[in-house]
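**Student:** Compact mmCIF, C-alpha atoms and all ligand atoms, file data38.txt:
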# COMPACT_ATOMS: atom_id res chain seq x y z
CA MET K 81 -9.17 -19.64 -20.49
CA LEU K 82 -6.25 -17.31 -21.11
CA THR K 83 -3.01 -19.09 -22.00
CA GLU K 84 -0.69 -19.67 -19.04
CA VAL K 85 3.03 -18.99 -19.43
CA THR K 86 6.00 -18.71 -17.08
CA ALA K 87 8.28 -15.67 -16.93
CA THR K 88 11.88 -16.63 -17.68
CA ARG K 89 13.80 -13.36 -18.05
CA TYR K 90 13.36 -9.80 -16.82
CA LEU K 91 14.07 -7.16 -19.47
CA THR K 92 13.06 -3.79 -18.03
CA PRO K 93 10.55 -1.93 -15.86
CA LEU K 94 8.15 0.46 -17.66
CA ARG K 95 8.51 3.44 -15.38
CA SER K 96 6.15 5.62 -17.43
CA GLY K 97 3.33 3.34 -16.25
CA GLY K 98 1.90 4.33 -12.88
CA SER K 99 1.81 0.68 -11.79
CA VAL K 100 5.42 0.07 -13.01
CA PRO K 101 4.70 -2.94 -15.21
CA GLY K 102 7.72 -5.01 -16.32
CA VAL K 103 8.74 -6.38 -19.71
CA PHE K 104 9.49 -10.11 -19.46
CA GLU K 105 10.40 -12.98 -21.73
CA THR K 106 8.43 -16.15 -21.15
CA ASP K 107 8.72 -19.89 -21.77
CA ASP K 108 6.56 -19.67 -24.92
CA LEU K 109 9.36 -17.50 -26.44
CA GLY K 110 7.08 -14.48 -26.12
CA THR K 111 7.72 -11.01 -24.71
CA TYR K 112 4.99 -9.53 -22.52
CA VAL K 113 4.26 -6.39 -20.56
CA VAL K 114 3.45 -7.81 -17.12
CA LYS K 115 1.05 -6.04 -14.75
CA PHE K 116 1.44 -7.12 -11.15
CA THR K 117 -1.13 -8.23 -8.60
CA GLY K 118 0.93 -6.48 -5.89
CA SER K 119 0.70 -3.00 -7.47
CA ALA K 120 -1.00 -0.12 -5.69
CA GLN K 121 -3.82 -0.31 -8.28
CA GLY K 122 -4.56 -3.81 -6.94
CA ARG K 123 -6.22 -6.84 -8.41
CA LYS K 124 -9.29 -4.90 -9.56
CA ALA K 125 -7.14 -3.15 -12.16
CA LEU K 126 -6.22 -6.58 -13.56
CA VAL K 127 -9.87 -7.66 -13.54
CA ALA K 128 -10.71 -4.54 -15.58
CA GLU K 129 -7.81 -5.24 -17.96
CA VAL K 130 -9.15 -8.70 -18.73
CA ILE K 131 -12.85 -7.85 -19.02
CA VAL K 132 -12.50 -4.66 -21.05
CA GLY K 133 -9.59 -5.89 -23.18
CA GLU K 134 -11.33 -9.12 -24.13
CA LEU K 135 -14.56 -7.22 -24.79
CA ALA K 136 -12.62 -4.88 -27.12
CA ARG K 137 -11.19 -7.88 -28.95
CA ALA K 138 -14.61 -9.55 -29.25
CA LEU K 139 -15.96 -6.32 -30.78
CA GLY K 140 -13.20 -6.31 -33.40
CA LEU K 141 -10.95 -3.60 -31.93
CA ARG K 142 -7.17 -4.09 -32.00
CA PHE K 143 -5.89 -5.18 -28.60
CA PRO K 144 -2.70 -7.24 -27.89
CA GLU K 145 -3.08 -10.83 -26.70
CA LEU K 146 -3.43 -11.35 -22.94
CA VAL K 147 -1.85 -14.26 -21.03
CA LEU K 148 -1.55 -15.28 -17.39
CA VAL K 149 2.09 -15.11 -16.33
CA ASP K 150 3.47 -17.26 -13.55
CA PHE K 151 6.12 -15.07 -11.93
CA ASP K 152 8.88 -15.97 -9.49
CA PRO K 153 10.39 -12.72 -8.11
CA ALA K 154 13.81 -14.43 -8.03
CA ILE K 155 14.13 -14.04 -11.82
CA ALA K 156 14.00 -10.24 -11.48
CA GLY K 157 16.95 -10.11 -9.07
CA SER K 158 18.72 -7.59 -11.33
CA GLU K 159 16.14 -4.89 -10.50
CA PRO K 160 18.08 -2.25 -8.53
CA HIS K 161 15.21 -0.15 -7.16
CA GLN K 162 13.85 -1.10 -3.78
CA GLU K 163 10.24 -0.02 -4.49
CA VAL K 164 10.13 -2.13 -7.68
CA ARG K 165 11.72 -5.08 -5.83
CA GLU K 166 8.97 -4.80 -3.22
CA LEU K 167 6.33 -4.75 -5.96
CA HIS K 168 7.82 -7.94 -7.43
CA ALA K 169 8.06 -9.63 -4.02
CA ALA K 170 4.37 -8.87 -3.41
CA SER K 171 3.41 -10.37 -6.80
CA ALA K 172 4.70 -13.95 -6.72
CA GLY K 173 2.33 -16.26 -8.62
CA THR K 174 -0.20 -15.40 -11.35
CA ASN K 175 0.02 -11.96 -12.94
CA LEU K 176 -1.30 -10.50 -16.21
CA GLY K 177 0.78 -10.34 -19.41
CA MET K 178 -0.01 -8.30 -22.51
CA ASP K 179 1.80 -9.10 -25.73
CA TYR K 180 4.59 -6.54 -26.13
CA LEU K 181 4.31 -4.58 -29.40
CA PRO K 182 7.93 -3.97 -30.47
CA GLY K 183 8.63 -0.41 -31.56
CA ALA K 184 5.08 0.77 -30.80
CA ARG K 185 4.65 4.52 -30.18
CA ASP K 186 2.38 6.13 -27.66
CA PHE K 187 -0.46 8.06 -29.31
CA THR K 188 0.52 11.47 -27.94
CA PRO K 189 -0.98 14.85 -28.93
CA GLU K 190 2.08 15.33 -31.20
CA VAL K 191 1.42 12.01 -32.96
CA ALA K 192 -2.29 12.83 -33.12
CA GLU K 193 -1.49 15.99 -35.10
CA VAL K 194 -0.14 13.95 -38.02
CA PHE K 195 -2.02 10.64 -37.71
CA PRO K 196 -5.53 10.55 -39.16
CA VAL K 197 -8.16 8.53 -37.31
CA ASP K 198 -11.34 7.51 -39.10
CA PRO K 199 -14.47 8.83 -37.28
CA VAL K 200 -15.98 5.34 -37.42
CA GLU K 201 -12.98 3.78 -35.63
CA ALA K 202 -12.83 6.71 -33.18
CA GLY K 203 -16.56 6.19 -32.52
CA ARG K 204 -16.08 2.51 -31.72
CA ILE K 205 -13.30 3.25 -29.23
CA VAL K 206 -15.19 6.09 -27.51
CA TRP K 207 -18.28 3.85 -27.36
CA LEU K 208 -16.32 1.03 -25.69
CA ASP K 209 -14.86 3.50 -23.18
CA ALA K 210 -18.29 4.93 -22.41
CA LEU K 211 -19.79 1.45 -21.97
CA THR K 212 -16.98 0.33 -19.67
CA VAL K 213 -16.64 3.72 -17.92
CA ASN K 214 -12.94 4.00 -18.75
CA VAL K 215 -11.58 7.19 -17.18
CA ASP K 216 -8.08 6.79 -18.62
CA ARG K 217 -8.16 7.46 -22.36
CA THR K 218 -7.58 11.20 -22.32
CA VAL K 219 -5.62 13.46 -24.65
CA HIS K 220 -2.49 13.27 -22.50
CA SER K 221 -2.86 9.71 -21.25
CA SER K 222 -4.35 8.07 -24.33
CA ASN K 223 -3.50 4.43 -23.59
CA LEU K 224 -3.48 4.06 -27.36
CA MET K 225 -0.43 2.99 -29.32
CA LEU K 226 0.54 3.08 -32.98
CA TRP K 227 1.96 -0.15 -34.35
CA PRO K 228 3.76 -1.28 -36.44
CA THR K 229 6.06 1.69 -36.91
CA LEU K 230 8.89 0.28 -39.02
CA GLY K 231 7.20 0.57 -42.40
CA VAL K 232 6.42 -3.15 -42.87
CA ALA K 233 2.71 -2.32 -42.81
CA PRO K 234 0.67 0.83 -42.20
CA PRO K 235 0.60 1.81 -38.51
CA ARG K 236 -2.70 1.17 -36.77
CA LEU K 237 -4.23 2.19 -33.45
CA TRP K 238 -4.00 -0.41 -30.68
CA LEU K 239 -5.77 -0.20 -27.34
CA ILE K 240 -3.77 -0.83 -24.15
CA ASP K 241 -4.26 -0.36 -20.42
CA HIS K 242 -7.85 -0.71 -19.25
CA GLY K 243 -6.89 -0.85 -15.56
CA ALA K 244 -8.87 2.33 -14.83
CA ALA K 245 -12.07 1.15 -16.52
CA LEU K 246 -15.11 -0.37 -14.77
CA VAL K 247 -14.87 2.33 -12.09
CA PHE K 248 -18.24 1.14 -10.75
CA HIS K 249 -16.53 -1.93 -9.23
CA HIS K 250 -15.03 0.28 -6.53
CA ARG K 251 -18.53 1.17 -5.22
CA TRP K 252 -21.02 -1.48 -6.30
CA ASP K 253 -23.77 -0.12 -4.08
CA ALA K 254 -23.60 3.37 -5.62
CA SER K 255 -23.32 2.39 -9.26
CA ASP K 256 -25.99 3.40 -11.78
CA PRO K 257 -25.67 1.52 -15.09
CA ALA K 258 -27.24 4.42 -16.98
CA LYS K 259 -24.77 7.03 -15.67
CA ALA K 260 -23.53 9.51 -18.32
CA TYR K 261 -19.89 9.27 -19.39
CA ASP K 262 -17.57 12.28 -19.10
CA PHE K 263 -15.94 12.30 -22.52
CA ARG K 264 -14.81 15.94 -22.73
CA HIS K 265 -11.10 15.13 -22.67
CA HIS K 266 -11.24 11.84 -24.56
CA ALA K 267 -8.12 11.23 -26.68
CA LEU K 268 -10.22 10.81 -29.83
CA GLY K 269 -12.82 13.55 -29.19
CA GLY K 270 -11.24 15.75 -31.87
CA TYR K 271 -11.83 13.22 -34.67
CA GLY K 272 -15.61 13.57 -34.74
CA PRO K 273 -16.25 10.08 -33.33
CA ASP K 274 -19.36 8.52 -34.83
CA VAL K 275 -20.70 7.05 -31.60
CA ARG K 276 -24.20 6.55 -33.00
CA ALA K 277 -22.90 4.27 -35.75
CA ALA K 278 -20.81 2.45 -33.14
CA ASP K 279 -23.84 2.01 -30.88
CA ALA K 280 -25.93 0.58 -33.72
CA GLU K 281 -23.11 -1.78 -34.74
CA LEU K 282 -21.70 -2.88 -31.39
CA ALA K 283 -24.52 -2.82 -28.81
CA PRO K 284 -26.30 -5.91 -30.26
CA LYS K 285 -23.01 -7.84 -30.03
CA VAL K 286 -22.73 -7.35 -26.26
CA THR K 287 -24.89 -10.27 -25.19
CA GLU K 288 -25.11 -11.86 -21.74
CA GLU K 289 -23.50 -14.93 -23.23
CA LEU K 290 -20.48 -12.94 -24.48
CA LEU K 291 -20.15 -11.22 -21.11
CA ARG K 292 -20.26 -14.60 -19.32
CA THR K 293 -17.55 -16.01 -21.60
CA ILE K 294 -15.35 -12.99 -20.95
CA THR K 295 -15.79 -12.83 -17.18
CA ALA K 296 -14.98 -16.55 -17.02
CA GLU K 297 -11.44 -15.62 -18.20
CA VAL K 298 -10.72 -13.74 -14.95
CA PRO K 299 -8.83 -15.98 -12.49
CA ASP K 300 -10.77 -16.84 -9.30
CA ALA K 301 -7.92 -15.54 -7.16
CA TRP K 302 -8.44 -11.97 -8.46
CA LEU K 303 -12.15 -12.05 -7.60
CA ALA K 304 -12.00 -13.90 -4.27
CA GLY K 305 -12.15 -12.17 -0.90
CA GLU K 306 -14.32 -9.24 -2.02
CA THR K 307 -16.65 -8.14 0.77
CA ASP K 308 -19.46 -7.51 -1.75
CA PHE K 309 -19.58 -11.11 -3.01
CA ALA K 310 -19.53 -14.53 -1.37
CA THR K 311 -17.83 -16.27 -4.32
CA PRO K 312 -15.86 -15.39 -7.48
CA ASP K 313 -18.83 -16.53 -9.57
CA ALA K 314 -21.12 -14.10 -7.74
CA ALA K 315 -18.67 -11.32 -8.59
CA ARG K 316 -18.61 -12.42 -12.26
CA GLU K 317 -22.40 -12.34 -12.38
CA ALA K 318 -22.39 -8.77 -11.00
CA TYR K 319 -20.12 -7.63 -13.87
CA VAL K 320 -22.39 -9.37 -16.39
CA THR K 321 -25.55 -7.86 -14.89
CA TYR K 322 -24.09 -4.35 -14.74
CA LEU K 323 -22.59 -4.30 -18.23
CA TYR K 324 -25.66 -5.88 -19.80
CA ALA K 325 -27.92 -3.30 -18.12
CA ARG K 326 -25.54 -0.55 -19.23
CA VAL K 327 -25.40 -1.60 -22.86
CA ARG K 328 -29.20 -1.58 -23.03
CA ALA K 329 -29.26 1.93 -21.51
CA SER K 330 -26.91 3.36 -24.13
CA ALA K 331 -29.34 6.11 -25.12
CA GLN K 332 -28.71 7.63 -21.67
CA TRP K 333 -24.89 7.61 -21.74
CA LEU K 334 -24.07 7.94 -25.42
CA PRO K 335 -21.63 10.89 -25.64
CA THR K 336 -22.52 13.65 -28.11
CA ASP K 337 -21.32 17.20 -28.86
CA PHE K 338 -17.58 16.62 -28.69
CA PRO K 339 -15.78 19.87 -27.94
CA GLY K 340 -13.53 21.16 -30.74
CA ALA K 341 -9.79 21.86 -30.32
CA ALA K 342 -10.43 25.60 -29.99
CA GLU K 343 -13.00 25.05 -27.24
CA LEU K 344 -10.63 22.77 -25.29
CA ALA K 345 -7.73 25.24 -25.68
CA ALA K 346 -9.98 28.05 -24.39
CA GLU K 347 -10.96 25.89 -21.42
CA ASN K 348 -7.29 25.18 -20.60
CA ALA K 349 -6.49 28.89 -20.89
CA ARG K 350 -9.35 29.76 -18.50
CA ARG K 351 -8.12 27.21 -15.95
CA ALA K 352 -4.52 28.46 -16.28
CA ALA K 353 -5.65 32.06 -15.73
CA ARG K 354 -7.60 31.04 -12.61
CA THR K 355 -4.52 29.24 -11.22
CA ARG K 356 -2.25 32.20 -11.97
CA GLN K 357 -4.64 34.58 -10.29
CA GLY K 358 -4.38 32.65 -7.04
CA ARG K 359 -0.57 32.68 -7.06
CA PRO K 360 1.76 35.13 -5.30
CA ALA K 361 3.63 37.49 -7.66
CA TRP K 362 6.88 35.48 -7.55
CA LEU K 363 5.07 32.34 -8.79
CA LYS K 364 3.10 33.93 -11.61
CA ASN K 365 5.68 33.11 -14.32
CA VAL K 366 6.05 29.41 -13.55
CA PRO K 367 5.35 27.41 -16.78
CA ASP K 368 1.68 26.68 -17.37
CA LEU K 369 1.07 22.92 -17.22
CA HIS K 370 -2.67 22.97 -17.91
CA GLY K 371 -3.47 20.48 -20.61
CA ARG K 372 0.09 19.14 -20.58
CA PRO K 373 1.12 15.54 -19.84
CA ALA K 374 1.40 14.79 -16.13
CA ALA K 375 4.30 12.40 -16.72
CA GLU K 376 6.85 11.48 -19.35
CA GLN K 377 5.14 9.11 -21.80
CA ASP K 378 8.17 8.08 -23.85
CA TRP K 379 9.51 4.98 -22.10
CA SER K 380 11.80 3.85 -24.95
CA VAL K 381 14.71 5.40 -23.00
CA HIS K 382 14.56 2.36 -20.74
CA LEU K 383 15.41 -0.03 -23.54
CA GLY K 384 18.77 1.64 -24.24
N1 LIG K 401 1.74 -4.08 -25.11
C1 LIG K 401 2.61 -3.07 -25.13
N2 LIG K 401 3.57 -2.99 -26.08
C2 LIG K 401 4.47 -1.96 -26.09
N3 LIG K 401 4.50 -0.99 -25.16
C3 LIG K 401 3.58 -1.01 -24.17
C4 LIG K 401 2.60 -2.05 -24.11
N4 LIG K 401 1.82 -1.83 -23.00
C5 LIG K 401 2.30 -0.72 -22.43
N5 LIG K 401 3.35 -0.21 -23.11
C6 LIG K 401 4.11 1.01 -22.78
O1 LIG K 401 4.17 1.15 -21.38
C7 LIG K 401 3.50 2.35 -20.95
C8 LIG K 401 2.78 2.09 -19.66
O2 LIG K 401 1.84 1.05 -19.85
P1 LIG K 401 0.41 1.12 -19.19
O3 LIG K 401 -0.26 2.40 -19.53
O4 LIG K 401 -0.30 -0.13 -19.55
O5 LIG K 401 0.82 1.07 -17.65
P2 LIG K 401 0.06 1.49 -16.33
O6 LIG K 401 0.95 1.19 -15.19
O7 LIG K 401 -1.30 0.90 -16.31
O8 LIG K 401 0.00 3.02 -16.57
P3 LIG K 401 -0.87 4.24 -16.12
O9 LIG K 401 -1.89 3.73 -15.15
O10 LIG K 401 0.11 5.19 -15.56
O11 LIG K 401 -1.46 4.71 -17.42
C9 LIG K 401 2.58 2.71 -22.13
O12 LIG K 401 2.30 4.09 -22.19
C10 LIG K 401 3.40 2.26 -23.31
O13 LIG K 401 4.38 3.22 -23.66
MG MG K 402 -1.43 3.82 -19.13
Mind turning the file's structure into structure tokens?
Ligand SMILES: Nc1ncnc2c1ncn2[C@@H]1O[C@H](COP(=O)(O)OP(=O)(O)OP(=O)(O)O)[C@@H](O)[C@H]1O
Ligand SMILES: [Mg+2]
**Tutor:**
Amino acid sequence: MLTEVTATRYLTPLRSGGSVPGVFETDDLGTYVVKFTGSAQGRKALVAEVIVGELARALGLRFPELVLVDFDPAIAGSEPHQEVRELHAASAGTNLGMDYLPGARDFTPEVAEVFPVDPVEAGRIVWLDALTVNVDRTVHSSNLMLWPTLGVAPPRLWLIDHGAALVFHHRWDASDPAKAYDFRHHALGGYGPDVRAADAELAPKVTEELLRTITAEVPDAWLAGETDFATPDAAREAYVTYLYARVRASAQWLPTDFPGAAELAAENARRAARTRQGRPAWLKNVPDLHGRPAAEQDWSVHLG
């Protein structure tokens, strides 16, 4: 089971995250990024965080420790914004904590320009994303961080935020475990990811036994009440069955032919031109946002 801790002090909201996670201190003297059960993304996002994050760890990828955080909204009374207060109020009880990496930097396109990533490591990450159908590891929303950054050791890539993986669990009846993965805008596509080496190395490690161990970590409360399944264990078994079928069908979803930087830039330019064409004359000079981040990624401003 994941370790259970209790939140003791509210530090800050992470407004760059769509679900507005919070940074909390806890009674084990830790600091965690807490994702809430009451967020718009819902409990399924937390289920995906646990299953994909623990799978990443089991496969040897760097991923911060996860804990279950008992949260009493009263401790976050200093939060001034009504919508965040409502999120907290809707999340009393067990939420998900991810070890906070102090000083970590988001892996943005600017960072990517100067930080080399080994094709073997890139291949492992792309392979995990393809297996778990993660739609949120793109160039401008990489959900990758560099840590440490203070010179004590060389910075390394860390995975975060798998809330948008396992997309099949939103439509169990329509999900095909052999479905191809759309990797064209993957954050690591430009590093020549060696997905074949990753498949040979990692696929044999994804056993039914490993998947059962991992799904057992998900709290019952996050799996209960699903119309598709009578019990939390039935839901767990569906994740095991799907992921095990998918890993054995890797030949059908293994991404290949990653587009180069020039090809992606040309694609963005084509889309921008199409958008401009459809605009009235007075709107034609508005800045082109194609291929640009949708939201500010640098949240360090919140820590003052
Ligand atoms: N463990 C961590 N340590 C340090 N910073 C973190 C950690 N987890 C998240 N962050 C910071 O908070 C930001 C938002 O986190 P995250 O992407 O997990 O939130 P989210 O609400 O799921 O976001 P979204 O769905 O919008 O991508 C990250 O981009 C990163 O800057
Ligand atoms: Mg994110």
**Student:** Would you compute the distance between atom CA of Ile294 of chain K and atom CA of Thr311 of chain K? Give it in Å to one decimal.
**Tutor:**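 Atom CA of Thr311 of chain K lies at a distance of 17.1 Å from atom CA of Ile294 of chain K.
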**Student:** Once you count all atoms listed in the file, which residues end up within 7 Å of ligand LIG 401 (chain K), and could you hand them over as a ChimeraX atom specification?
**Tutor:** /K:94,96-101,112-113,144,178-182,184-186,221,223,240-241,243,377-379
**Student:** Which of these residues is nearest to Glu105 of chain K, using all atoms listed in the file: K:Leu91, K:Val164, K:Ala361, K:Leu282?
**Tutor:**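 The shortest atom-to-atom distance to Glu105 of chain K comes from K:Leu91.
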**Student:** Excluding same-chain residues fewer than 6 positions from segment 334-340 of chain K, what lies within 9 Å of it counting all atoms listed in the file, as a PyMOL selection string?
**Tutor:** chain K and resi 206-207+210-211+260-266+269-273+275-276+279
**Student:** Residues within 9 Å of Leu323 of chain K, please, as a list in words. Count all atoms listed in the file; anything in the same chain fewer than 2 positions from it doesn't count.
**Tutor:**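 These residues fall inside the cut-off: Leu211, Thr212, Pro257, Val286, Glu288, Leu291, Ala318, Tyr319, Val320, Thr321, Ala325, Arg326, Val327 and Arg328 of chain K.
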**Student:** Counting only C-alpha atoms, note down every residue that has an atom within 10 Å of the point (8.3, -16.4, -21.1) (file coordinates), as a ChimeraX atom specification.
**Tutor:** /K:84-90,104-112,149-151,177
**Student:** Taking only C-alpha atoms and all ligand atoms into account, name the residue in K:Ala352, K:Ala310, K:Ala125, K:Ala315 that is nearest to ligand MG 402 (chain K).
**Tutor:**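 Of K:Ala352, K:Ala310, K:Ala125, K:Ala315, the one nearest ligand MG 402 (chain K) is K:Ala125, counting only C-alpha atoms and all ligand atoms.
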**Student:** In the coordinate frame of the file, compute which residues have an atom within 12 Å of (-19.0, 4.0, -8.8) when using all atoms listed in the file, and state them as a list of chain:residue names.
**Tutor:** K:Thr212, K:Val213, K:Asn214, K:Val215, K:Ala244, K:Ala245, K:Leu246, K:Val247, K:Phe248, K:His249, K:His250, K:Arg251, K:Trp252, K:Asp253, K:Ala254, K:Ser255, K:Asp256, K:Pro257, K:Ala258, K:Lys259, K:Ala260, K:Tyr261, K:Tyr322
**Student:** I need the residues from that last selection saved to file as a short mmCIF file (atom, residue, chain, number, x, y, z; two decimals), keeping the file's coordinate frame (with C-alpha atoms), if you can.
**Tutor:**
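Writing the result to result_3.cif gives the following:
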data_model
loop_
_atom_site.label_atom_id
_atom_site.label_comp_id
_atom_site.auth_asym_id
_atom_site.auth_seq_id
_atom_site.Cartn_x
_atom_site.Cartn_y
_atom_site.Cartn_z
CA THR K 212 -16.98 0.33 -19.67
CA VAL K 213 -16.64 3.72 -17.92
CA ASN K 214 -12.94 4.00 -18.75
CA VAL K 215 -11.58 7.19 -17.18
CA ALA K 244 -8.87 2.33 -14.83
CA ALA K 245 -12.07 1.15 -16.52
CA LEU K 246 -15.11 -0.37 -14.77
CA VAL K 247 -14.87 2.33 -12.09
CA PHE K 248 -18.24 1.14 -10.75
CA HIS K 249 -16.53 -1.93 -9.23
CA HIS K 250 -15.03 0.28 -6.53
CA ARG K 251 -18.53 1.17 -5.22
CA TRP K 252 -21.02 -1.48 -6.30
CA ASP K 253 -23.77 -0.12 -4.08
CA ALA K 254 -23.60 3.37 -5.62
CA SER K 255 -23.32 2.39 -9.26
CA ASP K 256 -25.99 3.40 -11.78
CA PRO K 257 -25.67 1.52 -15.09
CA ALA K 258 -27.24 4.42 -16.98
CA LYS K 259 -24.77 7.03 -15.67
CA ALA K 260 -23.53 9.51 -18.32
CA TYR K 261 -19.89 9.27 -19.39
CA TYR K 322 -24.09 -4.35 -14.74
#
**Student:** Find the residues near Ala172 of chain K: any atom within 12 Å, counting only C-alpha atoms, skip ones fewer than 4 places away on the same chain, and give them as JSON, numbers by chain.
**Tutor:** {"K": [86, 87, 115, 116, 117, 118, 119, 149, 150, 151, 152, 153, 154, 155, 156, 165, 166, 167, 168, 176]}
**Student:** Can you work out which one of K:Thr92, K:Thr218, K:Thr188, K:Thr174 has the shortest atom-to-atom distance to Pro160 of chain K, counting only C-alpha atoms?
**Tutor:**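 Looking only at the distances to Pro160 of chain K, the closest residue turns out to be K:Thr92.
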